[in-house]
>>> print(open('coords-v2.cif').read())   # mmCIF, C-alpha atoms and all ligand atoms
data_my_file
loop_
_atom_site.label_atom_id
_atom_site.label_comp_id
_atom_site.auth_asym_id
_atom_site.auth_seq_id
_atom_site.Cartn_x
_atom_site.Cartn_y
_atom_site.Cartn_z
CA MET B 1 18.41 -15.46 -12.34
CA THR B 2 15.42 -13.91 -10.60
CA ARG B 3 13.97 -11.04 -12.55
CA ILE B 4 12.56 -7.94 -10.82
CA VAL B 5 10.77 -5.27 -12.85
CA LEU B 6 11.22 -1.69 -11.68
CA LEU B 7 8.38 0.68 -12.50
CA SER B 8 9.70 3.82 -10.91
CA GLY B 9 7.03 6.11 -12.37
CA ASP B 10 6.78 9.81 -11.64
CA GLY B 11 7.76 12.50 -9.14
CA ILE B 12 9.88 11.09 -6.35
CA GLY B 13 9.24 7.55 -7.67
CA PRO B 14 12.60 7.24 -9.48
CA GLU B 15 14.57 8.58 -6.48
CA VAL B 16 13.06 6.28 -3.88
CA THR B 17 13.07 3.25 -6.20
CA ARG B 18 16.78 3.74 -6.89
CA GLU B 19 17.55 3.44 -3.18
CA ALA B 20 15.17 0.50 -2.74
CA ARG B 21 16.83 -1.33 -5.62
CA ARG B 22 20.31 -0.93 -4.11
CA VAL B 23 19.10 -2.22 -0.75
CA LEU B 24 17.15 -5.08 -2.34
CA ALA B 25 20.13 -6.18 -4.44
CA LEU B 26 22.46 -6.23 -1.44
CA ALA B 27 20.04 -8.01 0.90
CA ALA B 28 19.33 -10.63 -1.76
CA GLU B 29 23.04 -11.13 -2.44
CA GLN B 30 23.71 -11.58 1.29
CA HIS B 31 21.19 -14.41 1.19
CA GLY B 32 22.70 -16.09 -1.85
CA MET B 33 20.28 -14.78 -4.47
CA THR B 34 21.21 -12.88 -7.60
CA LEU B 35 18.57 -10.55 -8.95
CA SER B 36 18.37 -8.98 -12.38
CA PHE B 37 16.52 -5.71 -12.77
CA GLU B 38 14.52 -4.48 -15.77
CA GLU B 39 13.25 -0.92 -15.87
CA ALA B 40 10.00 -0.02 -17.58
CA LEU B 41 7.64 2.94 -17.78
CA ILE B 42 4.33 3.54 -16.04
CA GLY B 43 2.14 6.57 -15.32
CA GLY B 44 3.09 10.02 -16.57
CA ALA B 45 6.49 8.78 -17.75
CA SER B 46 4.73 6.32 -20.04
CA ILE B 47 2.23 8.95 -21.19
CA ASP B 48 5.11 11.23 -22.19
CA ALA B 49 6.87 8.46 -24.10
CA HIS B 50 3.94 6.56 -25.62
CA GLY B 51 0.74 8.51 -25.01
CA THR B 52 -0.74 5.91 -22.64
CA PRO B 53 -0.10 5.27 -18.93
CA LEU B 54 0.64 1.55 -19.35
CA GLN B 55 1.79 -0.34 -22.46
CA ASP B 56 0.88 -3.99 -23.08
CA ASP B 57 4.51 -5.01 -23.38
CA VAL B 58 5.14 -3.66 -19.86
CA VAL B 59 2.31 -5.83 -18.53
CA ALA B 60 3.85 -8.82 -20.31
CA LEU B 61 7.28 -8.05 -18.86
CA CYS B 62 5.78 -7.90 -15.35
CA ARG B 63 3.88 -11.18 -15.85
CA ASP B 64 7.15 -12.78 -16.78
CA SER B 65 9.01 -11.62 -13.67
CA ALA B 66 9.27 -12.76 -10.05
CA ALA B 67 8.05 -9.43 -8.69
CA VAL B 68 7.49 -5.77 -9.48
CA LEU B 69 8.83 -2.85 -7.46
CA LEU B 70 6.92 0.34 -8.15
CA GLY B 71 7.64 3.94 -7.16
CA ALA B 72 4.70 6.31 -7.58
CA VAL B 73 2.58 7.79 -10.35
CA GLY B 74 0.98 11.14 -11.10
CA GLY B 75 1.70 14.85 -11.01
CA PRO B 76 0.26 18.23 -11.94
CA LYS B 77 1.59 17.93 -15.49
CA TRP B 78 -1.07 15.31 -16.29
CA ASP B 79 -3.90 16.66 -14.11
CA ASP B 80 -6.02 17.87 -17.02
CA LEU B 81 -6.26 14.45 -18.67
CA SER B 82 -9.49 12.48 -18.40
CA VAL B 83 -9.67 9.72 -15.79
CA GLU B 84 -9.07 7.02 -18.42
CA LEU B 85 -5.79 8.58 -19.59
CA ARG B 86 -4.31 9.78 -16.33
CA PRO B 87 -1.12 8.33 -14.80
CA GLU B 88 -3.18 6.74 -12.00
CA ARG B 89 -4.93 4.62 -14.62
CA GLY B 90 -1.58 2.91 -15.28
CA LEU B 91 -1.38 1.84 -11.65
CA LEU B 92 -4.98 0.64 -11.57
CA SER B 93 -4.46 -1.28 -14.81
CA ILE B 94 -1.32 -3.07 -13.69
CA ARG B 95 -3.09 -4.13 -10.46
CA LYS B 96 -6.05 -5.39 -12.47
CA GLU B 97 -4.02 -7.05 -15.24
CA LEU B 98 -1.88 -8.96 -12.76
CA GLY B 99 -4.96 -9.95 -10.72
CA LEU B 100 -3.57 -8.34 -7.55
CA PHE B 101 -6.73 -8.36 -5.48
CA ALA B 102 -5.10 -8.26 -2.04
CA ASN B 103 -3.30 -5.16 -0.89
CA LEU B 104 -1.44 -5.54 2.39
CA ARG B 105 -0.58 -2.30 4.15
CA PRO B 106 1.13 -2.82 7.48
CA ALA B 107 1.39 0.15 9.84
CA GLN B 108 3.87 -0.10 12.67
CA VAL B 109 5.60 2.48 14.77
CA PHE B 110 9.36 2.46 14.85
CA PRO B 111 10.27 3.28 18.47
CA ALA B 112 12.55 6.10 17.31
CA LEU B 113 9.65 7.78 15.53
CA VAL B 114 6.99 7.78 18.24
CA GLU B 115 7.39 11.55 18.60
CA ALA B 116 6.85 12.11 14.86
CA SER B 117 3.16 11.25 15.16
CA SER B 118 0.70 14.06 15.66
CA LEU B 119 -0.87 11.91 18.37
CA ARG B 120 0.41 11.52 21.92
CA ARG B 121 3.10 8.98 22.71
CA GLU B 122 0.83 6.87 24.93
CA VAL B 123 -1.68 6.49 22.06
CA VAL B 124 0.92 5.67 19.44
CA GLU B 125 3.50 3.50 21.16
CA GLY B 126 3.19 -0.11 20.05
CA ILE B 127 0.82 0.35 17.10
CA ASP B 128 1.10 -2.74 14.92
CA LEU B 129 -1.75 -3.21 12.49
CA LEU B 130 -2.32 -4.46 8.98
CA VAL B 131 -4.86 -3.10 6.53
CA VAL B 132 -5.99 -5.73 4.02
CA ARG B 133 -7.54 -3.73 1.23
CA GLU B 134 -9.45 -5.30 -1.68
CA LEU B 135 -7.70 -3.95 -4.78
CA THR B 136 -9.33 -4.99 -8.04
CA GLY B 137 -13.03 -4.42 -7.47
CA GLY B 138 -15.56 -2.11 -5.87
CA LEU B 139 -16.00 1.55 -6.63
CA TYR B 140 -12.70 1.75 -8.53
CA PHE B 141 -13.79 -0.68 -11.24
CA GLY B 142 -17.57 -1.11 -11.01
CA ARG B 143 -19.88 -0.38 -13.91
CA PRO B 144 -21.79 1.67 -14.85
CA ARG B 145 -19.36 4.54 -14.54
CA GLY B 146 -18.88 7.86 -16.26
CA ILE B 147 -20.33 11.32 -16.65
CA ASP B 148 -23.61 11.44 -18.57
CA ARG B 149 -25.96 14.12 -19.68
CA ASN B 150 -29.47 13.77 -18.33
CA GLY B 151 -31.45 16.48 -20.08
CA LYS B 152 -29.97 19.76 -18.84
CA GLU B 153 -28.01 18.17 -16.00
CA ARG B 154 -24.73 16.29 -16.02
CA VAL B 155 -24.62 13.23 -13.80
CA GLY B 156 -21.49 11.50 -12.52
CA VAL B 157 -21.80 7.77 -11.77
CA ASN B 158 -19.58 5.18 -10.15
CA SER B 159 -20.74 1.82 -8.86
CA MET B 160 -19.61 -0.21 -5.90
CA VAL B 161 -19.91 -3.75 -7.20
CA TYR B 162 -18.70 -6.92 -5.45
CA ALA B 163 -19.45 -10.52 -6.34
CA ASP B 164 -19.48 -12.91 -3.37
CA ARG B 165 -16.36 -14.75 -4.59
CA GLU B 166 -14.41 -11.47 -4.64
CA ILE B 167 -15.40 -10.86 -1.03
CA GLU B 168 -14.65 -14.41 -0.02
CA ARG B 169 -11.09 -14.46 -1.33
CA ILE B 170 -10.11 -11.17 0.31
CA ALA B 171 -11.82 -12.15 3.57
CA ARG B 172 -9.77 -15.34 3.56
CA ILE B 173 -6.56 -13.31 3.17
CA GLY B 174 -7.66 -11.21 6.14
CA PHE B 175 -8.32 -14.25 8.33
CA GLU B 176 -5.08 -15.95 7.30
CA ALA B 177 -3.11 -12.80 8.09
CA ALA B 178 -4.82 -12.59 11.48
CA MET B 179 -3.89 -16.23 12.20
CA GLY B 180 -0.23 -15.29 11.80
CA ARG B 181 -0.61 -12.30 14.10
CA ARG B 182 -2.79 -11.52 17.16
CA ARG B 183 -5.84 -13.32 15.74
CA GLN B 184 -8.14 -10.32 15.62
CA LEU B 185 -9.92 -9.27 12.46
CA CYS B 186 -11.98 -6.12 12.07
CA HIS B 187 -14.18 -5.92 9.00
CA MET B 188 -14.96 -2.28 8.14
CA HIS B 189 -18.17 -1.68 6.21
CA LYS B 190 -21.15 0.61 5.74
CA ALA B 191 -23.94 -1.95 6.00
CA ASN B 192 -26.32 0.54 7.61
CA VAL B 193 -26.58 2.22 4.20
CA LEU B 194 -25.11 0.01 1.44
CA GLU B 195 -26.46 -3.32 0.21
CA VAL B 196 -23.00 -4.23 -1.06
CA SER B 197 -21.76 -3.95 2.53
CA GLN B 198 -24.57 -6.23 3.71
CA LEU B 199 -23.26 -8.85 1.32
CA TRP B 200 -19.73 -8.34 2.66
CA LEU B 201 -21.07 -8.88 6.18
CA GLU B 202 -22.74 -12.16 5.21
CA VAL B 203 -19.78 -13.52 3.27
CA VAL B 204 -17.22 -12.53 5.91
CA GLU B 205 -19.36 -14.36 8.51
CA GLU B 206 -19.38 -17.47 6.31
CA VAL B 207 -15.60 -17.43 5.90
CA ALA B 208 -15.25 -16.91 9.68
CA LYS B 209 -16.54 -20.46 10.22
CA ASP B 210 -13.22 -21.73 8.83
CA PHE B 211 -11.25 -19.62 11.31
CA PRO B 212 -12.78 -20.24 14.74
CA GLU B 213 -9.64 -19.01 16.53
CA VAL B 214 -9.93 -15.54 15.03
CA GLU B 215 -11.93 -12.97 16.95
CA LEU B 216 -14.00 -11.17 14.32
CA ASP B 217 -15.79 -7.90 14.65
CA HIS B 218 -17.68 -5.78 12.13
CA GLN B 219 -17.24 -2.07 12.45
CA LEU B 220 -18.92 0.73 10.55
CA VAL B 221 -16.18 2.44 8.60
CA ASP B 222 -16.97 5.90 9.95
CA SER B 223 -16.67 4.84 13.58
CA GLY B 224 -13.73 2.62 12.62
CA ALA B 225 -11.98 5.71 11.31
CA MET B 226 -12.69 7.39 14.61
CA PHE B 227 -11.28 4.51 16.67
CA LEU B 228 -8.21 4.41 14.46
CA VAL B 229 -7.31 7.82 15.85
CA LYS B 230 -8.64 7.29 19.37
CA GLU B 231 -7.23 3.84 20.10
CA PRO B 232 -5.12 2.65 17.16
CA ARG B 233 -3.61 -0.15 19.24
CA ARG B 234 -6.93 -1.94 19.46
CA PHE B 235 -6.51 -3.00 15.80
CA ASP B 236 -4.69 -6.07 14.55
CA VAL B 237 -5.94 -6.82 11.00
CA ILE B 238 -8.52 -4.68 9.20
CA VAL B 239 -10.20 -6.05 6.07
CA THR B 240 -12.23 -3.80 3.80
CA THR B 241 -13.18 -2.67 0.30
CA ASN B 242 -10.97 -0.92 -2.22
CA MET B 243 -12.34 2.57 -1.54
CA PHE B 244 -12.60 2.34 2.25
CA GLY B 245 -9.16 0.73 2.34
CA ASP B 246 -7.65 3.57 0.33
CA ILE B 247 -8.83 6.07 2.93
CA ILE B 248 -8.26 3.97 6.04
CA SER B 249 -4.72 3.02 5.03
CA ASP B 250 -3.57 6.63 4.62
CA LYS B 251 -5.02 7.31 8.01
CA ALA B 252 -3.37 4.28 9.59
CA ALA B 253 -0.12 5.41 8.04
CA MET B 254 -0.33 8.90 9.42
CA VAL B 255 -1.11 7.88 13.00
CA THR B 256 2.27 6.14 12.96
CA GLY B 257 4.01 9.43 12.15
CA SER B 258 4.73 9.69 8.46
CA LEU B 259 3.31 8.44 5.23
CA GLY B 260 6.94 8.28 4.18
CA MET B 261 7.46 5.09 6.20
CA LEU B 262 4.67 2.81 4.97
CA PRO B 263 5.25 -0.05 2.51
CA SER B 264 2.70 -2.20 0.74
CA ALA B 265 2.37 -5.49 -1.07
CA SER B 266 -0.24 -6.31 -3.71
CA LEU B 267 -0.77 -10.00 -4.21
CA GLY B 268 -2.96 -12.27 -6.30
CA ALA B 269 -3.61 -15.96 -6.45
CA GLY B 270 0.04 -17.00 -6.66
CA GLY B 271 2.05 -15.42 -9.45
CA VAL B 272 3.80 -12.12 -9.44
CA GLY B 273 3.46 -9.61 -6.59
CA LEU B 274 3.76 -5.85 -6.79
CA TYR B 275 5.39 -3.77 -4.06
CA GLU B 276 5.11 -0.05 -3.62
CA PRO B 277 5.31 2.64 -0.97
CA VAL B 278 1.90 3.88 0.19
CA HIS B 279 2.93 7.51 -0.34
CA GLY B 280 2.42 9.21 -3.68
CA SER B 281 4.68 10.97 -6.17
CA ALA B 282 5.15 14.18 -4.11
CA PRO B 283 5.83 16.33 -7.21
CA ASP B 284 6.60 19.35 -5.01
CA ILE B 285 9.88 17.80 -3.84
CA ALA B 286 10.68 15.61 -6.86
CA GLY B 287 14.27 15.78 -8.07
CA THR B 288 15.51 17.62 -4.98
CA ASP B 289 16.89 14.60 -3.07
CA ARG B 290 14.50 15.37 -0.21
CA ALA B 291 12.25 12.31 -0.46
CA ASN B 292 12.18 9.62 2.22
CA PRO B 293 13.15 6.31 0.58
CA LEU B 294 12.32 4.20 3.63
CA ALA B 295 8.79 3.23 2.54
CA ALA B 296 10.20 2.02 -0.79
CA ILE B 297 13.02 0.21 1.02
CA LEU B 298 10.52 -1.44 3.37
CA SER B 299 8.46 -2.40 0.30
CA ALA B 300 11.56 -4.17 -1.01
CA ALA B 301 11.62 -6.05 2.30
CA MET B 302 8.01 -7.14 1.73
CA LEU B 303 9.05 -8.29 -1.76
CA LEU B 304 11.76 -10.51 -0.30
CA GLU B 305 9.30 -11.95 2.19
CA HIS B 306 6.28 -12.57 -0.05
CA SER B 307 7.71 -13.12 -3.54
CA LEU B 308 11.20 -14.50 -2.92
CA ALA B 309 10.50 -16.55 0.21
CA ALA B 310 13.35 -14.79 2.01
CA PRO B 311 11.86 -13.62 5.33
CA ALA B 312 15.30 -13.48 6.95
CA ALA B 313 16.54 -11.03 4.32
CA ALA B 314 13.39 -8.97 4.85
CA ALA B 315 13.95 -8.91 8.60
CA LYS B 316 17.52 -7.74 8.05
CA ILE B 317 16.31 -4.78 6.00
CA ARG B 318 13.78 -3.84 8.67
CA ALA B 319 16.45 -4.06 11.35
CA ALA B 320 18.78 -1.91 9.25
CA VAL B 321 16.08 0.75 8.87
CA ALA B 322 15.38 0.69 12.61
CA ALA B 323 19.12 1.05 13.32
CA VAL B 324 19.42 4.07 11.02
CA LEU B 325 16.47 5.73 12.75
CA ASP B 326 17.77 4.83 16.21
CA ALA B 327 21.04 6.52 15.29
CA GLY B 328 19.03 9.73 14.82
CA HIS B 329 18.97 10.06 11.03
CA ARG B 330 15.81 11.68 9.67
CA SER B 331 14.52 12.64 6.26
CA GLY B 332 12.66 15.96 6.09
CA ASP B 333 9.19 14.43 6.58
CA LEU B 334 10.30 12.93 9.90
CA VAL B 335 11.68 16.12 11.41
CA LEU B 336 9.25 17.76 13.79
CA PRO B 337 8.40 21.44 13.47
CA GLY B 338 10.88 23.41 15.54
CA GLU B 339 13.17 20.41 15.98
CA ASP B 340 16.84 21.24 15.43
CA ARG B 341 18.30 18.31 13.54
CA PRO B 342 20.19 17.85 10.28
CA VAL B 343 18.03 16.48 7.48
CA THR B 344 19.20 13.38 5.62
CA GLY B 345 18.64 13.35 1.86
CA CYS B 346 17.19 10.49 -0.14
CA ALA B 347 20.46 9.04 -1.50
CA ALA B 348 22.26 9.51 1.83
CA MET B 349 19.44 7.64 3.58
CA GLY B 350 19.92 4.80 1.10
CA ASP B 351 23.68 4.81 1.85
CA LEU B 352 22.98 4.60 5.58
CA VAL B 353 20.67 1.60 5.18
CA LEU B 354 23.22 -0.12 2.95
CA ALA B 355 25.94 0.52 5.53
CA ALA B 356 23.71 -0.84 8.30
CA LEU B 357 23.05 -3.96 6.23
CA GLU B 358 26.76 -4.47 5.70
CA GLY B 359 27.70 -3.73 9.30
C1 LIG B 401 -3.06 4.25 -3.35
C2 LIG B 401 -3.25 5.44 -4.23
C3 LIG B 401 -3.92 5.00 -5.53
C4 LIG B 401 -5.27 4.41 -5.17
C5 LIG B 401 -4.05 6.10 -6.58
C6 LIG B 401 -2.72 6.73 -6.91
C7 LIG B 401 -4.72 5.58 -7.84
O1 LIG B 401 -3.98 6.42 -3.56
O2 LIG B 401 -2.38 3.30 -3.77
O3 LIG B 401 -3.57 4.25 -2.22
O4 LIG B 401 -6.24 5.14 -5.00
O5 LIG B 401 -5.35 3.19 -5.03
MG MG B 402 -4.33 5.97 -1.51
#
>>> encode(input="coords-v2.cif", output="structure tokens")
Amino acid sequence: MTRIVLLSGDGIGPEVTREARRVLALAAEQHGMTLSFEEALIGGASIDAHGTPLQDDVVALCRDSAAVLLGAVGGPKWDDLSVELRPERGLLSIRKELGLFANLRPAQVFPALVEASSLRREVVEGIDLLVVRELTGGLYFGRPRGIDRNGKERVGVNSMVYADREIERIARIGFEAAMGRRRQLCHMHKANVLEVSQLWLEVVEEVAKDFPEVELDHQLVDSGAMFLVKEPRRFDVIVTTNMFGDIISDKAAMVTGSLGMLPSASLGAGGVGLYEPVHGSAPDIAGTDRANPLAAILSAAMLLEHSLAAPAAAAKIRAAVAAVLDAGHRSGDLVLPGEDRPVTGCAAMGDLVLAALEG
């Protein structure tokens, strides 16, 4: 039996993961696979139970599974904790412990949702891009870090550190992804200011020699951010650092309409993959059945594709989601201001996707 670990986490995490699990189980079953699910704690939920955001036995459980489906972490309840003890640390630790250096964040526009974007239809229609974000290095993990006292002043320090092999392996993922798509790769950097970006530029150029069919360009991340809003369709695959990728991927998500629609996959060198919606824990609507489970459901589709070698099952989930949207169903985040339309709750949205899968 194939074991999936569910780390539903905090806020709306449990609600959206519940729907994603139901959809994942059915899609897998339709393709002749039986999954077993194990639930474990991460983030604030783990802090409340054990005093730390991620326990070692949870890491071991994940290592021993085929894949991990995660909800979201964090919330105001834990905001006063130091960086090392916050819920977010649980997420960063599981990524690091499992060696998940490659974060794939696809952003596509479902035709039914073109109007949900704050950009004009002609800018948005047909967006289909993939952000490949480095996930276990850079500013998030570099040392030195901390807050020190320097005489009378306090000084905060974080370091953007990348070894060439870390750049090489993520660049390779970017090129490989581009080969399976429109063969365009945009490397976003800040080499006019940062030495670490100059190294990225050099290493990405070296890797490019192995992928002569891919059209590579290097773009400063500030102007890249600008073009992402101006002409989002010009992008195919974007490869970048952990920090830039964090920012760029939220932006890419929002130009497609809603953060509530974007899935992600975090992969390492073989081994277990972790799948999570790009959106956060949305504590303001937690427990009210108002969350949009579609990003979690689409993350389950990525899980089928990347960890269970079941691309057909993944495609069926995506088609089911598109059918539900085409039929006019919308969660609250997808309803436009002033639009007169009934709002579909989280569990009901899950029911609709299940029905579409069965139909
Ligand atoms: C994300 C999130 C996380 C990150 C937070 C919750 C630690 O913003 O996955 O994009 O910064 O990586
Ligand atoms: Mg983020």
>>> atom_distance(input="coords-v2.cif", atom1="atom CA of Val23 of chain B", atom2="atom CA of Ala355 of chain B")
9.7 Å
>>> residues_around(input="coords-v2.cif", residues="segment 5-14 of chain B", least_positions_apart="3", cutoff="6 Å", atoms="all atoms listed in the file", output="tab-separated table (two decimals) with C-alpha atoms, in the frame of the given file")
chain	number	residue	atom	x	y	z
B	17	THR	CA	13.07	3.25	-6.20
B	37	PHE	CA	16.52	-5.71	-12.77
B	38	GLU	CA	14.52	-4.48	-15.77
B	39	GLU	CA	13.25	-0.92	-15.87
B	40	ALA	CA	10.00	-0.02	-17.58
B	41	LEU	CA	7.64	2.94	-17.78
B	42	ILE	CA	4.33	3.54	-16.04
B	43	GLY	CA	2.14	6.57	-15.32
B	68	VAL	CA	7.49	-5.77	-9.48
B	69	LEU	CA	8.83	-2.85	-7.46
B	70	LEU	CA	6.92	0.34	-8.15
B	71	GLY	CA	7.64	3.94	-7.16
B	72	ALA	CA	4.70	6.31	-7.58
B	73	VAL	CA	2.58	7.79	-10.35
B	74	GLY	CA	0.98	11.14	-11.10
B	281	SER	CA	4.68	10.97	-6.17
B	282	ALA	CA	5.15	14.18	-4.11
B	283	PRO	CA	5.83	16.33	-7.21
B	286	ALA	CA	10.68	15.61	-6.86
>>> residues_near_ligand(input="coords-v2.cif", ligand="ligand LIG 401 (chain B)", cutoff="6 Å", atoms="only C-alpha atoms and all ligand atoms", output="list in words")
Glu88, Asp246 and Val278 of chain B
>>> residues_near_ligand(input="coords-v2.cif", ligand="ligand MG 402 (chain B)", cutoff="9 Å", atoms="all atoms listed in the file", output="PyMOL selection string")
chain B and resi 243+245-250+278-280
>>> atom_distance(input="coords-v2.cif", atom1="atom CA of Ala163 of chain B", atom2="atom CA of Val58 of chain B")
28.9 Å
>>> decode(input="coords-v2.cif", residues="segment 5-22 of chain B", atoms="C-alpha atoms", output="compact mmCIF listing (two decimals), in the first residue's frame")
# COMPACT_ATOMS: atom_id res chain seq x y z
CA VAL B 5 1.45 11.61 5.06
CA LEU B 6 -1.00 14.44 5.66
CA LEU B 7 0.40 17.47 7.46
CA SER B 8 -2.66 19.66 7.50
CA GLY B 9 -1.20 22.29 9.83
CA ASP B 10 -3.01 25.44 10.87
CA GLY B 11 -5.80 27.83 9.89
CA ILE B 12 -7.60 26.64 6.78
CA GLY B 13 -4.97 23.89 6.33
CA PRO B 14 -7.13 21.10 7.82
CA GLU B 15 -10.21 22.12 5.79
CA VAL B 16 -8.51 22.24 2.41
CA THR B 17 -6.41 19.12 3.08
CA ARG B 18 -9.55 17.15 3.96
CA GLU B 19 -11.01 17.89 0.52
CA ALA B 20 -7.71 17.22 -1.24
CA ARG B 21 -7.42 13.86 0.50
CA ARG B 22 -10.90 12.77 -0.63
